[in-house]
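Asker: First the structure, which I've put down as structure tokens, then a few questions once you've had a look.
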Amino acid sequence: MSSKPTRLVLVGVATISSFALLAGCSGGGSSDSASDGKVTITVAIDAGLEKEARDNFDARVAVFEKDHPDVTVEAQEYTWTAPTFTTDLAGGTLPDVFTIPFTDGRGLIANKQIADISKLVDALPYAANFNPNVAQAGQAEDGTQWAIPIAAYGQGLHYNRTLFTAAGLDPDKPPTTWEEVRAAAKKISDATGEAGYATMTASNTGGWILTTLTDAFGGRTESADGTKPTLDSDPAVAKVLTYLQDLRWKDGSMGSNFLYDWGTINQDFAAGRIGMYVSGGGNYGNLITQNALKPDDYGLTVLPLEGSDGGVLGGGTLAAVSPKASPAEQSAAVDWIDFYYMSKIADETDAVETAKLAASLDQPVGAPELPVFDQEQFTQYQSWISPYVNVPTKQMAPYTDQIFDQPLVPEPRTATQDVYALLDSVVQSVLTDQNADIPALLADAQKQAEALYAKAG
């Protein structure tokens with residue numbers, strides 16, 4: 001899932017959270033537009049932007065068109081939802097430049113549903129500086145870069161420092177094992193009456209977080225070659241569900257809402273109704289700008305990892321180009337991606353201007369992220385924006401000090417969103433039925449997932 005997306009456009013900057021930005025191929029720009037040396041490209045923009053954000057976007061378009069006088073940029077509103085993705089993809093109704101989640105990159109590349117822009121990407125000055133763990137999501141089997149990573153995340157454990165204190169816990173020493181998470185959740189629930197721990201279960205997020213915890217517990221929900229699901233054969237999947245079952249029914253520490261999705265769990269966490277939950281590590285921006293989180297309440301740490309194969313699920317967003325775009329349109333599209341998405345992290349002047357503007361508008365600057373570039377480039381970027389950092393970095397140190405040392409596990413490659421969706425009901429059953437039969441639920445889910453894999457194959 002990459003993290004459910006909300007993008008706040010600030011002078012060409014997309015503040016992208018930890019969830020899925022999906023899109024597909026479009027009908028491309030007009031093939032006649034290049035006949036006089038000029039091209040027109042359509043580019044994705046969030047639907048329903050506030051006037052200030054839209055004005056900022058339009059201002060960036062004006063700057064781009066001034067620097068590229070032969071290119072006209074037309075904005076096309078687009079907001080991803082899982083049910084509409086397949087229809088949009090098949091109908092060719094998406095813009096020339098669009099975003100896709102890491103999970104969809106390889107499939108769209110294999111099916112040639114996005115353009116091969118690898119030669120254009122190779123010409124970018126930072127092409128050799130991508131974080132290889134991140135860049136691979138947009139690469140074909142031969143290693144060529146068909147889509148450009150514009151944002152990445154690693155999952156984290158978000159926690160409410162105020163609730164920790166109320167429960168007699170030290171907010172500067174968050175849990176480091178899953179048993180400590182369970183114990184802390186119980187203390188928070190008993191002391192405050194709020195949910196000590198909550199989890200997402202709806203809109204594909206139940207499967208996303210179940211997969212996340214399975215990875216952290218040292219298991220996997222898919223075979224290493226991506227050809228089959230392992231829902232009923234990897235013991236870690238059942239172990240995670242039993243863990244949640246115990247939190248819910250033995251400890252009573254998960255509150256009363258068992259139908260959270262990404263948006264609603266953010267709302268309740270920001271409102272102080274949840275002690276801990278798992279989501280993308282870069283979620284702070286959304287919690288502040290969309291949910292009015294009190295900064296003093298916020299804490300972030302890495303996920304506890306168990307066993308020799310424990311790892312942190314990572315994902316992110318790729319910018320891609322329609323395969324129907326002409327060579328001239330593809331070139332203009334990559335120029336736009338470079339300008340709109342990448343310059344804010346790859347160019348010092350743009351990075352400083354972006355951070356300065358965001359800070360002036362009280363938008364978060366310096367929140368945790370998994371860098372799309374290598375460590376050297378990322379360190380340089382941090383030095384550029386350091387005067388404008390306005391987030392409580394000390395409260396995020398348990399995450400930022402450790403995330404780069406955690407093994408990154410990519411999301412499952414096959415039928416990802418469909419399998420996540422069917423796992424939603426599994427997690428819901430465990431949390432709403434005290435007598436839920438976990439092996440039976442997983443056996444049924446395995447059969448359904450195998451059918452999805454066969455169809456995808």
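By convention in this document, the chains of the structure tokens carry letters A, B, ... by their order, each chain's residues are numbered from 1, and ligands are numbered from 1 in the order they are shown.
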Would you return as a compact mmCIF listing (two decimals) with N, CA and C atoms, in the first residue's frame the members of region 104-266 of chain A that DSSP assigns to strand (DSSP E or B) on this structure's backbone?

Answerer:
# COMPACT_ATOMS: atom_id res chain seq x y z
N PHE A 130 20.39 7.49 -6.62
CA PHE A 130 19.21 6.95 -5.98
C PHE A 130 19.57 5.88 -4.95
N GLN A 139 12.07 -0.14 -11.47
CA GLN A 139 12.98 -0.71 -12.46
C GLN A 139 12.40 -1.95 -13.13
N GLN A 145 15.48 2.12 -15.44
CA GLN A 145 14.59 2.88 -14.57
C GLN A 145 13.42 3.46 -15.38
N ILE A 148 10.26 7.05 -11.72
CA ILE A 148 11.17 7.78 -10.83
C ILE A 148 10.61 7.80 -9.41
N PRO A 149 11.38 7.31 -8.42
CA PRO A 149 10.90 7.38 -7.03
C PRO A 149 10.90 8.82 -6.54
N ILE A 150 9.76 9.28 -6.07
CA ILE A 150 9.65 10.66 -5.59
C ILE A 150 9.42 10.75 -4.09
N ALA A 151 9.06 9.65 -3.46
CA ALA A 151 8.87 9.63 -2.01
C ALA A 151 8.91 8.18 -1.54
N ALA A 152 9.42 7.97 -0.34
CA ALA A 152 9.51 6.61 0.21
C ALA A 152 9.24 6.66 1.70
N TYR A 153 8.90 5.51 2.24
CA TYR A 153 8.63 5.44 3.68
C TYR A 153 9.00 4.07 4.21
N GLY A 154 9.29 4.02 5.48
CA GLY A 154 9.42 2.77 6.21
C GLY A 154 8.43 2.83 7.37
N GLN A 155 7.76 1.74 7.64
CA GLN A 155 6.73 1.74 8.69
C GLN A 155 7.33 2.06 10.06
N GLY A 156 6.52 2.70 10.89
CA GLY A 156 6.96 3.04 12.23
C GLY A 156 5.84 2.85 13.24
N LEU A 157 6.19 2.90 14.52
CA LEU A 157 5.23 2.82 15.61
C LEU A 157 5.01 4.24 16.14
N HIS A 158 3.84 4.79 15.86
CA HIS A 158 3.48 6.12 16.33
C HIS A 158 2.86 6.00 17.72
N TYR A 159 3.22 6.90 18.62
CA TYR A 159 2.67 6.80 19.97
C TYR A 159 2.39 8.19 20.55
N ASN A 160 1.44 8.22 21.44
CA ASN A 160 1.01 9.45 22.08
C ASN A 160 1.76 9.63 23.39
N ALA A 195 -7.88 3.63 23.76
CA ALA A 195 -7.28 2.44 23.15
C ALA A 195 -5.77 2.51 23.32
N GLU A 222 4.20 -13.72 1.27
CA GLU A 222 4.39 -14.11 -0.13
C GLU A 222 5.72 -14.83 -0.27
N PRO A 229 1.09 -16.90 -2.54
CA PRO A 229 0.89 -16.38 -1.19
C PRO A 229 1.27 -17.43 -0.15

Asker: What parts of region 113-229 of chain A does DSSP call helix (DSSP H, G or I)? I'd like the answer as a ChimeraX atom specification.

Answerer: /A:118-122,127-129,132-138,161-166,178-192,205-216

Asker: Could you take the residues named above and write them with C-alpha atoms, as a PDB file, in the first residue's frame?

Answerer:
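Result file out18.pdb:
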ATOM      1  CA  SER A 118      14.925   5.010 -18.724  1.00  0.00           C
ATOM      2  CA  LYS A 119      17.204   6.824 -21.197  1.00  0.00           C
ATOM      3  CA  LEU A 120      15.711  10.143 -20.171  1.00  0.00           C
ATOM      4  CA  VAL A 121      16.150   9.266 -16.495  1.00  0.00           C
ATOM      5  CA  ASP A 122      19.773   8.281 -17.096  1.00  0.00           C
ATOM      6  CA  ALA A 127      20.465   9.354 -11.755  1.00  0.00           C
ATOM      7  CA  ALA A 128      23.359   7.531 -10.104  1.00  0.00           C
ATOM      8  CA  ASN A 129      22.478   8.764  -6.612  1.00  0.00           C
ATOM      9  CA  PRO A 132      19.037   1.307  -4.583  1.00  0.00           C
ATOM     10  CA  ASN A 133      16.474  -0.162  -2.178  1.00  0.00           C
ATOM     11  CA  VAL A 134      14.053   2.534  -3.277  1.00  0.00           C
ATOM     12  CA  ALA A 135      14.900   2.803  -6.971  1.00  0.00           C
ATOM     13  CA  GLN A 136      14.276  -0.883  -7.652  1.00  0.00           C
ATOM     14  CA  ALA A 137      10.532  -0.360  -7.313  1.00  0.00           C
ATOM     15  CA  GLY A 138      10.554   1.531 -10.606  1.00  0.00           C
ATOM     16  CA  ARG A 161       3.488  10.824  24.604  1.00  0.00           C
ATOM     17  CA  THR A 162       0.739  12.379  26.725  1.00  0.00           C
ATOM     18  CA  LEU A 163      -1.065   9.059  27.110  1.00  0.00           C
ATOM     19  CA  PHE A 164       2.251   7.384  27.886  1.00  0.00           C
ATOM     20  CA  THR A 165       2.837   9.825  30.722  1.00  0.00           C
ATOM     21  CA  ALA A 166      -0.710   9.407  32.025  1.00  0.00           C
ATOM     22  CA  TRP A 178       6.140  -6.555  20.856  1.00  0.00           C
ATOM     23  CA  GLU A 179       5.607  -7.822  24.374  1.00  0.00           C
ATOM     24  CA  GLU A 180       6.516  -4.346  25.632  1.00  0.00           C
ATOM     25  CA  VAL A 181       4.030  -2.882  23.159  1.00  0.00           C
ATOM     26  CA  ARG A 182       1.346  -5.162  24.571  1.00  0.00           C
ATOM     27  CA  ALA A 183       2.210  -4.276  28.167  1.00  0.00           C
ATOM     28  CA  ALA A 184       2.218  -0.554  27.377  1.00  0.00           C
ATOM     29  CA  ALA A 185      -1.125  -0.825  25.580  1.00  0.00           C
ATOM     30  CA  LYS A 186      -2.679  -2.470  28.630  1.00  0.00           C
ATOM     31  CA  LYS A 187      -1.358   0.221  30.966  1.00  0.00           C
ATOM     32  CA  ILE A 188      -2.610   3.019  28.724  1.00  0.00           C
ATOM     33  CA  SER A 189      -6.052   1.468  28.372  1.00  0.00           C
ATOM     34  CA  ASP A 190      -6.402   0.817  32.096  1.00  0.00           C
ATOM     35  CA  ALA A 191      -5.171   4.268  33.112  1.00  0.00           C
ATOM     36  CA  THR A 192      -6.911   6.444  30.534  1.00  0.00           C
ATOM     37  CA  THR A 205      -5.274  -1.185   5.143  1.00  0.00           C
ATOM     38  CA  GLY A 206      -6.005  -4.231   7.285  1.00  0.00           C
ATOM     39  CA  GLY A 207      -4.007  -6.383   4.900  1.00  0.00           C
ATOM     40  CA  TRP A 208      -1.314  -3.741   4.654  1.00  0.00           C
ATOM     41  CA  ILE A 209      -0.735  -3.612   8.399  1.00  0.00           C
ATOM     42  CA  LEU A 210      -1.093  -7.385   8.817  1.00  0.00           C
ATOM     43  CA  THR A 211       1.650  -7.755   6.215  1.00  0.00           C
ATOM     44  CA  THR A 212       3.721  -5.121   8.021  1.00  0.00           C
ATOM     45  CA  LEU A 213       3.518  -6.949  11.329  1.00  0.00           C
ATOM     46  CA  THR A 214       4.177 -10.305   9.681  1.00  0.00           C
ATOM     47  CA  ASP A 215       7.428  -8.894   8.252  1.00  0.00           C
ATOM     48  CA  ALA A 216       8.345  -7.471  11.666  1.00  0.00           C
TER      49      ALA A 216
END

Asker: Would you work out the distance separating CA of Ile100 (chain A) from CA of Ser279 (chain A), expressed in Å to one decimal?

Answerer: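 Result for CA of Ile100 (chain A) versus CA of Ser279 (chain A): 18.7 Å, one decimal.
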
Asker: Kindly give the distance, in Å, that separates CA of Gly314 (chain A) and CA of Pro410 (chain A), rounded to a single decimal.

Answerer: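 CA of Gly314 (chain A) sits 5.5 Å away from CA of Pro410 (chain A).
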
Asker: Any idea what's packed within 10 Å of Lys173 (chain A), counting only C-alpha atoms, ignoring anything in its chain fewer than 3 positions away? Could you give it as a list in words?

Answerer: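 Non-adjacent residues within range: Phe164, Leu169, Asp170, Thr176, Thr301 and Pro398 of chain A.
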
Asker: Keeping only all heavy atoms, write the selected residues to a file as a compact mmCIF listing (two decimals), in the first residue's frame.

Answerer:
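Final file, part.txt:
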# COMPACT_ATOMS: atom_id res chain seq x y z
N PHE A 164 1.18 8.14 27.23
CA PHE A 164 2.25 7.38 27.89
C PHE A 164 2.48 7.91 29.30
O PHE A 164 2.57 7.14 30.27
CB PHE A 164 3.55 7.48 27.07
CG PHE A 164 3.79 6.31 26.16
CD1 PHE A 164 2.84 5.93 25.22
CD2 PHE A 164 4.95 5.58 26.24
CE1 PHE A 164 3.06 4.85 24.38
CE2 PHE A 164 5.18 4.48 25.41
CZ PHE A 164 4.23 4.12 24.48
N LEU A 169 4.21 5.63 31.94
CA LEU A 169 5.26 5.18 31.05
C LEU A 169 6.19 6.33 30.68
O LEU A 169 5.77 7.49 30.65
CB LEU A 169 4.65 4.58 29.77
CG LEU A 169 3.73 3.38 29.96
CD1 LEU A 169 2.93 3.12 28.68
CD2 LEU A 169 4.55 2.15 30.35
N ASP A 170 7.43 6.04 30.38
CA ASP A 170 8.40 7.07 30.00
C ASP A 170 8.30 7.28 28.49
O ASP A 170 8.67 6.40 27.71
CB ASP A 170 9.81 6.62 30.37
CG ASP A 170 10.86 7.69 30.12
OD1 ASP A 170 10.55 8.69 29.42
OD2 ASP A 170 12.00 7.54 30.59
N THR A 176 10.44 -1.58 22.84
CA THR A 176 11.43 -2.12 21.90
C THR A 176 11.14 -3.56 21.51
O THR A 176 11.85 -4.13 20.69
CB THR A 176 12.85 -2.04 22.50
OG1 THR A 176 12.89 -2.79 23.71
CG2 THR A 176 13.23 -0.60 22.79
N THR A 301 8.75 5.76 16.95
CA THR A 301 9.86 4.84 17.10
C THR A 301 9.78 3.78 16.02
O THR A 301 8.78 3.68 15.30
CB THR A 301 9.87 4.19 18.50
OG1 THR A 301 11.08 3.43 18.67
CG2 THR A 301 8.67 3.27 18.69
N PRO A 398 13.85 8.15 18.40
CA PRO A 398 13.84 6.69 18.46
C PRO A 398 13.63 6.04 17.09
O PRO A 398 14.04 4.91 16.88
CB PRO A 398 12.67 6.38 19.40
CG PRO A 398 12.57 7.59 20.28
CD PRO A 398 12.89 8.74 19.36

Asker: May I ask for the distance between CA of Thr264 (chain A) and CA of Phe217 (chain A), given in Å to one decimal place?

Answerer: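 Taking CA of Thr264 (chain A) and CA of Phe217 (chain A), their separation equals 25.6 Å.
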
Asker: Skipping near chain neighbours, those fewer than 5 positions away, what residues fall within 8 Å of Trp384 (chain A) using only C-alpha atoms, listed as a list in words?

Answerer: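 Non-adjacent residues within range: Glu348, Ala351 and Val352 of chain A.
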
Asker: Could you check which of A:Ser253, A:Gln406, A:Gln448, A:Ser203 is closest to Ala421 (chain A), using only C-alpha atoms?

Answerer: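 Under the stated criterion, the closest residue is A:Ser203.
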